[in-house]
Number of protein chains: 2
Amino acid sequence: MLCWAAAPLGLETHVLDPDANAPAAGLASHFVQGDFNDAETVFRFGRGMGVVTIEIEHVSIAALHRLRAEGVLVHPSPDALATIQDKGLQKDFYKKNGLPSAPHHIYKDAEALREAVRRGEQALPFVQKARRLGYDGRGVAVVRQHSDLATKLLDVPCLVEELVEIEKELAVIVARNAQGQVAAYPLVEMHFGEATNLLEILVCPADLPPQVAEAAYQLAKQTIEAFGLCGLLAVEMFWAKDGRLLINEVAPRTHNSGHHTIEACATSQFEQQLRAVLGWPLGGAALRAPAAMVNLLGEPGHEGAVRYEGLEGCLAIKDAHLHLYGKAMTKPFRKMGHITLLADTREAALEKAAQAKCLLRVVSG
Amino acid sequence: MLCWAAAPLGLETHVLDPDANAPAAGLASHFVQGDFNDAETVFRFGRGMGVVTIEIEHVSIAALHRLRAEGVLVHPSPDALATIQDKGLQKDFYKKNGLPSAPHHIYKDAEALREAVRRGEQALPFVQKARRLGYDGRGVAVVRQHSDLATKLLDVPCLVEELVEIEKELAVIVARNAQGQVAAYPLVEMHFGEATNLLEILVCPADLPPQVAEAAYQLAKQTIEAFGLCGLLAVEMFWAKDGRLLINEVAPRTHNSGHHTIEACATSQFEQQLRAVLGWPLGGAALRAPAAMVNLLGEPGHEGAVRYEGLEGCLAIKDAHLHLYGKAMTKPFRKMGHITLLADTREAALEKAAQAKCLLRVVSG
């Protein structure tokens, strides 16, 4: 979607991805197949580029540092990215910078965590998160009772935080450019699947007391300033039942919580990311119309060549905007696309989203 | 731009264009370099496609007929396209179908036209139009006085029509699908360059008395029904100073008068064309915000590798949307891109358009 946004801006795009059939391959000006965790591959790819940016955090930091040293603009900065890649460092960063987040402890593995519970130093219930490579609900364990300690724990370096009683899950995407200009997209409210912990439906604007919304915008802006980033930062937050507003985690890139901005906002998050990393003036982030977004996930029990059922029914919904990612193969819960629904009210947008979700099935064969 | 709109819909696109560096080459799933006036080339290209459509009228009709005979869906229909390709037949069509258009006469060449003037059968002033291959203001001569007869006439098969005193030039893009569903985009008002006869600035909605607007929508709908088209029809009209509403000409494809629909309307003309030719439900055509569009034309006196001056200034205008077509070379008055400006009122949109036009220059070197 970044390449898609880059085309009308007259930008030449080079994409590195391990999958030769990556959706971007067909839209980038140039495509290189390669491992973005391999320092040499990333360095060779990035040399001679005007600006290097990312769409996933798990990229060789060493290579990004080398590219910076050679004079290539790298956004987000390798230092910020290193902090964000490691959820332990990320949590430490919030604490150090006075940014509210659920209190946490760091453990080296499952046994160290169990030991802390045995000693009474770690109370239940809690959420355990792998420090690295967590993504789309993976790398997270919710431990409610002692019996979960035997079956649910991830045996990796991890952090543990309070299991927050959540009123709503929110996100604010903020953009910042090299001139220090900052723009925040309207708050969104996210609904995750119980089983998958994947974003299923998002609605914008969020339904919140004005002072909570204002606090969320301020928090998002403080966070991007603290990291000193150029580009986007998606700040996911919990609004707790006890009234606290807490950062859950951040992503320094275009994000699933901003897909609706393509139609719903003055500038899409994809164009905004390009403007921000290029040092161009930021575009407007104002909401044009209330919107809901549904992720199109591969149906459980279906694996293989993808087929979309109910597509025409969805397209008949007024102001429904379909985005398929061009992935040839589906598997259970794989993100295959999304639909954005605009309406006059958030309730009407949500109603249409429920309708679209009901009509469209991502199956195989 | 059609390929760009096709990507998120999960469509596979094949493009035929004589220029290996055509902008579409980078965005189409498959690109074939070839002459679309060569029947064999077009036929071979189109065999086995699901649907064949066009972005320019001057395509081999014989090939399109053969493809239809082989069961390929071809939209617009080859018969309608043949009528529209020839402005003489197009004018006859309006007359036969009771669609208002300036009265016309057909001549086989410049001498036949001069002879008619000499005999007093053809009054001055008039507009002469080449029957074939007119495009972007080419193939049109305005004859105001007898001395123009020696210097201005085009020596080709032509039609001659009354020089209408124009109050405003308007366009309505209508879409129709195989199920007969019809959707009309909001009326636009077009401002052409004096010297070039090229569209320079467009504003939407048009500023018109409601009954004139209503008549224009009705006329556009009647016209697409009369042609029986699937796909888009851009209906360019004159609102004459004497109050008549006259069809100037039509284009059965995505059109310069609809570029603003990408941001300003619920569904872009490009997605609408795809929906219409595929037999999908049409998208909404409602206006989201008043808009103006400026064509980015190559600066006179500049020919060669293109460079855009003032791009960042333009991008700093609130709700300015840049579209560069990715053409490597500029020449005087070549269409290199466009900018769409959204605002709360048409006057504010026009003001921004004037500002953008002033800031941005398409130069060489």
# chains A, B, ... in the order shown; residues from 1 in each chain; ligands from 1
$ select_by_dssp --residues "stretch 63-236 of chain A" --states "strand (DSSP E or B)" --output "number ranges by chain"
A: 73-74, 101, 104-107, 126-130, 135, 138, 140-143, 158-162, 166-176, 182-184, 188-192, 199-204, 231-236
$ residues_around --residues "stretch 47-53 of chain A" --least-positions-apart "2" --cutoff "6 Å" --atoms "only C-alpha atoms" --output "list of chain:residue names"
A:Arg44, A:Phe45, A:Leu73, A:Val74, A:His75
$ write_last_selection --atoms "N, CA and C atoms" --output "CSV table (one decimal), in the first residue's frame"
chain,number,residue,atom,x,y,z
A,44,ARG,N,23.3,-3.9,1.4
A,44,ARG,CA,23.5,-3.8,-0.1
A,44,ARG,C,22.2,-3.2,-0.8
A,45,PHE,N,21.1,-3.6,-0.3
A,45,PHE,CA,19.8,-3.1,-0.8
A,45,PHE,C,19.7,-1.6,-0.6
A,73,LEU,N,19.4,8.4,4.4
A,73,LEU,CA,18.4,8.8,5.4
A,73,LEU,C,17.6,7.5,5.8
A,74,VAL,N,17.6,7.2,7.1
A,74,VAL,CA,16.9,6.0,7.6
A,74,VAL,C,15.8,6.4,8.6
A,75,HIS,N,14.5,6.2,8.2
A,75,HIS,CA,13.4,6.5,9.1
A,75,HIS,C,12.5,5.3,9.2
$ residues_around --residues "B:Glu169" --least-positions-apart "6" --cutoff "8 Å" --atoms "only C-alpha atoms" --output "mmCIF file with all heavy atoms, in the first residue's frame"
data_model
loop_
_atom_site.group_PDB
_atom_site.id
_atom_site.type_symbol
_atom_site.label_atom_id
_atom_site.label_comp_id
_atom_site.auth_asym_id
_atom_site.auth_seq_id
_atom_site.Cartn_x
_atom_site.Cartn_y
_atom_site.Cartn_z
ATOM 1 N N GLU B 189 -17.601 21.988 -14.096
ATOM 2 C CA GLU B 189 -17.467 23.162 -14.953
ATOM 3 C C GLU B 189 -16.005 23.177 -15.393
ATOM 4 O O GLU B 189 -15.111 23.033 -14.559
ATOM 5 C CB GLU B 189 -17.771 24.373 -14.065
ATOM 6 C CG GLU B 189 -18.225 25.584 -14.764
ATOM 7 C CD GLU B 189 -18.612 26.652 -13.736
ATOM 8 O OE1 GLU B 189 -19.356 26.351 -12.784
ATOM 9 O OE2 GLU B 189 -18.115 27.772 -13.886
ATOM 10 N N MET B 190 -15.777 23.352 -16.682
ATOM 11 C CA MET B 190 -14.415 23.242 -17.207
ATOM 12 C C MET B 190 -13.941 24.560 -17.787
ATOM 13 O O MET B 190 -14.687 25.242 -18.487
ATOM 14 C CB MET B 190 -14.364 22.156 -18.285
ATOM 15 C CG MET B 190 -14.782 20.780 -17.762
ATOM 16 S SD MET B 190 -14.710 19.502 -19.044
ATOM 17 C CE MET B 190 -16.042 20.026 -20.107
ATOM 18 N N HIS B 191 -12.697 24.875 -17.506
ATOM 19 C CA HIS B 191 -12.083 26.073 -18.069
ATOM 20 C C HIS B 191 -10.919 25.648 -18.953
ATOM 21 O O HIS B 191 -10.000 24.984 -18.482
ATOM 22 C CB HIS B 191 -11.625 27.002 -16.949
ATOM 23 C CG HIS B 191 -12.749 27.424 -16.063
ATOM 24 N ND1 HIS B 191 -13.596 28.455 -16.392
ATOM 25 C CD2 HIS B 191 -13.203 26.922 -14.890
ATOM 26 C CE1 HIS B 191 -14.522 28.582 -15.447
ATOM 27 N NE2 HIS B 191 -14.305 27.662 -14.520
ATOM 28 N N GLU B 236 -19.612 15.807 -22.540
ATOM 29 C CA GLU B 236 -19.227 17.222 -22.495
ATOM 30 C C GLU B 236 -20.335 18.050 -23.138
ATOM 31 O O GLU B 236 -20.833 17.685 -24.202
ATOM 32 C CB GLU B 236 -17.903 17.438 -23.227
ATOM 33 C CG GLU B 236 -16.739 16.713 -22.565
ATOM 34 C CD GLU B 236 -15.401 17.107 -23.194
ATOM 35 O OE1 GLU B 236 -14.962 18.262 -23.002
ATOM 36 O OE2 GLU B 236 -14.812 16.269 -23.896
ATOM 37 N N MET B 237 -20.700 19.116 -22.463
ATOM 38 C CA MET B 237 -21.840 19.923 -22.917
ATOM 39 C C MET B 237 -21.485 21.399 -22.945
ATOM 40 O O MET B 237 -20.618 21.853 -22.210
ATOM 41 C CB MET B 237 -23.020 19.774 -21.954
ATOM 42 C CG MET B 237 -23.470 18.362 -21.726
ATOM 43 S SD MET B 237 -24.771 18.326 -20.441
ATOM 44 C CE MET B 237 -24.754 16.571 -20.079
ATOM 45 N N PHE B 238 -22.222 22.121 -23.811
ATOM 46 C CA PHE B 238 -22.206 23.580 -23.763
ATOM 47 C C PHE B 238 -23.506 24.045 -23.138
ATOM 48 O O PHE B 238 -24.586 23.589 -23.545
ATOM 49 C CB PHE B 238 -22.147 24.189 -25.174
ATOM 50 C CG PHE B 238 -20.931 23.812 -25.965
ATOM 51 C CD1 PHE B 238 -21.053 23.465 -27.317
ATOM 52 C CD2 PHE B 238 -19.662 23.812 -25.391
ATOM 53 C CE1 PHE B 238 -19.936 23.132 -28.073
ATOM 54 C CE2 PHE B 238 -18.540 23.488 -26.146
ATOM 55 C CZ PHE B 238 -18.681 23.140 -27.482
ATOM 56 N N TRP B 239 -23.387 24.947 -22.178
ATOM 57 C CA TRP B 239 -24.575 25.711 -21.775
ATOM 58 C C TRP B 239 -24.433 27.035 -22.503
ATOM 59 O O TRP B 239 -23.543 27.840 -22.200
ATOM 60 C CB TRP B 239 -24.619 25.881 -20.254
ATOM 61 C CG TRP B 239 -25.828 26.644 -19.790
ATOM 62 C CD1 TRP B 239 -27.083 26.597 -20.317
ATOM 63 C CD2 TRP B 239 -25.889 27.566 -18.693
ATOM 64 N NE1 TRP B 239 -27.931 27.416 -19.628
ATOM 65 C CE2 TRP B 239 -27.234 28.037 -18.621
ATOM 66 C CE3 TRP B 239 -24.969 28.038 -17.766
ATOM 67 C CZ2 TRP B 239 -27.647 28.958 -17.668
ATOM 68 C CZ3 TRP B 239 -25.381 28.953 -16.818
ATOM 69 C CH2 TRP B 239 -26.716 29.405 -16.767
#
$ closest_atom_pairs --of "chain B" --to "chain A" --cutoff "9 Å" --atoms "only C-alpha atoms" --output "JSON lines"
{"residue": "B:Met1", "atom": "CA", "partner": "A:Pro8", "partner_atom": "CA", "distance": 8.7}
{"residue": "B:Trp4", "atom": "CA", "partner": "A:Trp4", "partner_atom": "CA", "distance": 7.2}
{"residue": "B:Ala7", "atom": "CA", "partner": "A:Gly326", "partner_atom": "CA", "distance": 7.7}
{"residue": "B:Pro8", "atom": "CA", "partner": "A:His323", "partner_atom": "CA", "distance": 4.4}
{"residue": "B:Leu9", "atom": "CA", "partner": "A:Leu324", "partner_atom": "CA", "distance": 5.7}
{"residue": "B:Gly10", "atom": "CA", "partner": "A:Leu324", "partner_atom": "CA", "distance": 5.3}
{"residue": "B:Leu11", "atom": "CA", "partner": "A:Gly326", "partner_atom": "CA", "distance": 8.4}
{"residue": "B:Gly26", "atom": "CA", "partner": "A:Ser29", "partner_atom": "CA", "distance": 6.6}
{"residue": "B:Leu27", "atom": "CA", "partner": "A:Leu27", "partner_atom": "CA", "distance": 5.7}
{"residue": "B:Ala28", "atom": "CA", "partner": "A:Gly26", "partner_atom": "CA", "distance": 7.9}
{"residue": "B:Ser29", "atom": "CA", "partner": "A:Gly26", "partner_atom": "CA", "distance": 6.6}
{"residue": "B:Glu263", "atom": "CA", "partner": "A:Glu263", "partner_atom": "CA", "distance": 8.0}
{"residue": "B:Ala266", "atom": "CA", "partner": "A:Asp319", "partner_atom": "CA", "distance": 6.2}
{"residue": "B:Thr267", "atom": "CA", "partner": "A:Asp319", "partner_atom": "CA", "distance": 7.6}
{"residue": "B:Arg275", "atom": "CA", "partner": "A:Leu315", "partner_atom": "CA", "distance": 9.0}
{"residue": "B:Trp280", "atom": "CA", "partner": "A:Glu312", "partner_atom": "CA", "distance": 6.3}
{"residue": "B:Pro281", "atom": "CA", "partner": "A:Ala316", "partner_atom": "CA", "distance": 5.3}
{"residue": "B:Leu282", "atom": "CA", "partner": "A:Ala316", "partner_atom": "CA", "distance": 7.2}
{"residue": "B:Gly283", "atom": "CA", "partner": "A:Lys318", "partner_atom": "CA", "distance": 6.9}
{"residue": "B:Gly284", "atom": "CA", "partner": "A:Asp319", "partner_atom": "CA", "distance": 6.3}
{"residue": "B:Arg288", "atom": "CA", "partner": "A:Arg288", "partner_atom": "CA", "distance": 7.9}
{"residue": "B:Ala289", "atom": "CA", "partner": "A:Arg288", "partner_atom": "CA", "distance": 8.8}
{"residue": "B:Glu312", "atom": "CA", "partner": "A:Trp280", "partner_atom": "CA", "distance": 6.4}
{"residue": "B:Gly313", "atom": "CA", "partner": "A:Pro281", "partner_atom": "CA", "distance": 8.3}
{"residue": "B:Leu315", "atom": "CA", "partner": "A:Pro281", "partner_atom": "CA", "distance": 6.4}
{"residue": "B:Ala316", "atom": "CA", "partner": "A:Pro281", "partner_atom": "CA", "distance": 5.3}
{"residue": "B:Ile317", "atom": "CA", "partner": "A:Gly283", "partner_atom": "CA", "distance": 8.4}
{"residue": "B:Lys318", "atom": "CA", "partner": "A:Gly284", "partner_atom": "CA", "distance": 6.4}
{"residue": "B:Asp319", "atom": "CA", "partner": "A:Ala266", "partner_atom": "CA", "distance": 6.2}
{"residue": "B:Ala320", "atom": "CA", "partner": "A:Gly283", "partner_atom": "CA", "distance": 8.1}
{"residue": "B:His321", "atom": "CA", "partner": "A:Thr267", "partner_atom": "CA", "distance": 8.3}
{"residue": "B:Leu322", "atom": "CA", "partner": "A:Leu9", "partner_atom": "CA", "distance": 6.1}
{"residue": "B:His323", "atom": "CA", "partner": "A:Pro8", "partner_atom": "CA", "distance": 4.4}
{"residue": "B:Leu324", "atom": "CA", "partner": "A:Pro8", "partner_atom": "CA", "distance": 5.0}
{"residue": "B:Tyr325", "atom": "CA", "partner": "A:Pro8", "partner_atom": "CA", "distance": 6.5}
{"residue": "B:Gly326", "atom": "CA", "partner": "A:Gly10", "partner_atom": "CA", "distance": 5.6}
{"residue": "B:Lys327", "atom": "CA", "partner": "A:Gly10", "partner_atom": "CA", "distance": 8.9}
{"residue": "B:Gly337", "atom": "CA", "partner": "A:Pro8", "partner_atom": "CA", "distance": 8.5}
{"residue": "B:Leu342", "atom": "CA", "partner": "A:Ala266", "partner_atom": "CA", "distance": 9.0}
$ closest_residue --among "A:Ile54, A:Leu99, A:Ala183, A:Leu360" --to "A:Arg244" --atoms "only C-alpha atoms"
A:Leu99
$ atom_distance --atom1 "atom CA of B:Ile224" --atom2 "atom CA of B:Ala175"
7.9 Å
$ residues_around --residues "B:Gly180" --least-positions-apart "2" --cutoff "9 Å" --atoms "only C-alpha atoms" --output "ChimeraX atom specification"
/B:176-178,182,225,228,230
$ residues_around --residues "B:Leu16" --least-positions-apart "6" --cutoff "10 Å" --atoms "only C-alpha atoms" --output "ChimeraX atom specification"
/B:22,24-25,28,30-36,41-42,45-46,54
$ write_last_selection --atoms "C-alpha atoms" --output "PDB file, in the first residue's frame"
ATOM      1  CA  ALA B  22       3.867   3.986 -20.753  1.00  0.00           C
ATOM      2  CA  ALA B  24       0.659   1.833 -16.999  1.00  0.00           C
ATOM      3  CA  ALA B  25       3.605  -0.491 -17.656  1.00  0.00           C
ATOM      4  CA  ALA B  28      -0.307  -3.358 -14.757  1.00  0.00           C
ATOM      5  CA  HIS B  30       1.117  -7.650 -17.456  1.00  0.00           C
ATOM      6  CA  PHE B  31       2.221  -5.216 -20.127  1.00  0.00           C
ATOM      7  CA  VAL B  32       2.367  -5.749 -23.883  1.00  0.00           C
ATOM      8  CA  GLN B  33       3.964  -3.218 -26.176  1.00  0.00           C
ATOM      9  CA  GLY B  34       1.991  -2.943 -29.403  1.00  0.00           C
ATOM     10  CA  ASP B  35      -0.115  -0.805 -31.695  1.00  0.00           C
ATOM     11  CA  PHE B  36      -3.758  -0.728 -30.665  1.00  0.00           C
ATOM     12  CA  THR B  41      -2.159  -7.108 -32.399  1.00  0.00           C
ATOM     13  CA  VAL B  42      -5.359  -6.137 -30.592  1.00  0.00           C
ATOM     14  CA  PHE B  45      -3.822  -9.332 -27.022  1.00  0.00           C
ATOM     15  CA  GLY B  46      -7.506  -9.591 -26.154  1.00  0.00           C
ATOM     16  CA  ILE B  54     -10.158   1.088 -23.561  1.00  0.00           C
TER      17      ILE B  54
END
$ atom_distance --atom1 "atom CA of B:Leu64" --atom2 "atom CA of B:Ser77"
8.2 Å
$ residues_around --residues "A:Ala82" --least-positions-apart "2" --cutoff "10 Å" --atoms "only C-alpha atoms" --output "VMD selection string"
chain A and resid 57 to 62 76 to 80 84 to 87 89 to 90
$ select_by_dssp --residues "stretch 107-148 of chain B" --states "helix (DSSP H, G or I)" --output "ChimeraX atom specification"
/B:110-118,148
$ write_last_selection --atoms "all heavy atoms" --output "short mmCIF file (atom, residue, chain, number, x, y, z; two decimals), in the first residue's frame"
data_model
loop_
_atom_site.label_atom_id
_atom_site.label_comp_id
_atom_site.auth_asym_id
_atom_site.auth_seq_id
_atom_site.Cartn_x
_atom_site.Cartn_y
_atom_site.Cartn_z
N ALA B 110 -11.46 20.25 -47.11
CA ALA B 110 -11.48 21.71 -46.96
C ALA B 110 -12.10 22.38 -48.19
O ALA B 110 -12.86 23.35 -48.08
CB ALA B 110 -10.06 22.22 -46.73
N GLU B 111 -11.81 21.83 -49.37
CA GLU B 111 -12.30 22.44 -50.60
C GLU B 111 -13.82 22.36 -50.67
O GLU B 111 -14.49 23.34 -51.02
CB GLU B 111 -11.64 21.79 -51.83
CG GLU B 111 -11.96 22.44 -53.17
CD GLU B 111 -11.92 23.98 -53.15
OE1 GLU B 111 -11.05 24.55 -52.46
OE2 GLU B 111 -12.80 24.63 -53.79
N ALA B 112 -14.37 21.23 -50.29
CA ALA B 112 -15.83 21.07 -50.30
C ALA B 112 -16.47 22.06 -49.34
O ALA B 112 -17.53 22.64 -49.63
CB ALA B 112 -16.20 19.63 -49.90
N LEU B 113 -15.81 22.29 -48.23
CA LEU B 113 -16.32 23.25 -47.23
C LEU B 113 -16.26 24.68 -47.79
O LEU B 113 -17.23 25.44 -47.70
CB LEU B 113 -15.53 23.10 -45.93
CG LEU B 113 -15.71 24.15 -44.83
CD1 LEU B 113 -17.18 24.37 -44.48
CD2 LEU B 113 -14.95 23.74 -43.57
N ARG B 114 -15.10 25.01 -48.43
CA ARG B 114 -14.97 26.36 -49.02
C ARG B 114 -16.03 26.58 -50.10
O ARG B 114 -16.64 27.64 -50.18
CB ARG B 114 -13.58 26.51 -49.65
CG ARG B 114 -12.52 27.01 -48.67
CD ARG B 114 -11.21 27.37 -49.37
NE ARG B 114 -10.11 27.01 -48.51
CZ ARG B 114 -9.37 25.91 -48.63
NH1 ARG B 114 -9.58 25.06 -49.63
NH2 ARG B 114 -8.42 25.65 -47.76
N GLU B 115 -16.25 25.55 -50.89
CA GLU B 115 -17.25 25.61 -51.96
C GLU B 115 -18.64 25.91 -51.37
O GLU B 115 -19.37 26.76 -51.90
CB GLU B 115 -17.25 24.26 -52.71
CG GLU B 115 -18.23 24.17 -53.88
CD GLU B 115 -17.96 25.20 -54.98
OE1 GLU B 115 -16.79 25.62 -55.13
OE2 GLU B 115 -18.94 25.62 -55.65
N ALA B 116 -18.97 25.26 -50.25
CA ALA B 116 -20.26 25.49 -49.60
C ALA B 116 -20.38 26.92 -49.10
O ALA B 116 -21.45 27.54 -49.18
CB ALA B 116 -20.46 24.50 -48.45
N VAL B 117 -19.25 27.46 -48.64
CA VAL B 117 -19.26 28.86 -48.18
C VAL B 117 -19.48 29.78 -49.38
O VAL B 117 -20.30 30.70 -49.33
CB VAL B 117 -17.94 29.22 -47.44
CG1 VAL B 117 -17.90 30.72 -47.11
CG2 VAL B 117 -17.78 28.39 -46.17
N ARG B 118 -18.74 29.49 -50.46
CA ARG B 118 -18.87 30.32 -51.67
C ARG B 118 -20.31 30.33 -52.18
O ARG B 118 -20.83 31.34 -52.61
CB ARG B 118 -17.94 29.79 -52.78
CG ARG B 118 -16.49 30.25 -52.62
CD ARG B 118 -15.65 29.97 -53.89
NE ARG B 118 -15.43 28.56 -54.14
CZ ARG B 118 -14.35 27.88 -53.73
NH1 ARG B 118 -13.38 28.48 -53.05
NH2 ARG B 118 -14.22 26.61 -54.01
N ASP B 148 -9.98 33.49 -42.62
CA ASP B 148 -9.62 32.24 -41.94
C ASP B 148 -9.73 31.03 -42.86
O ASP B 148 -9.08 30.00 -42.64
CB ASP B 148 -10.55 31.99 -40.73
CG ASP B 148 -10.33 32.99 -39.59
OD1 ASP B 148 -9.26 33.63 -39.57
OD2 ASP B 148 -11.23 33.12 -38.74
#
$ closest_residue --among "A:Leu232, A:Leu124, A:Val160, A:Leu187" --to "A:Asp109" --atoms "only C-alpha atoms"
A:Val160
$ atom_distance --atom1 "atom CA of B:Gln145" --atom2 "atom CA of B:Pro332"
28.8 Å
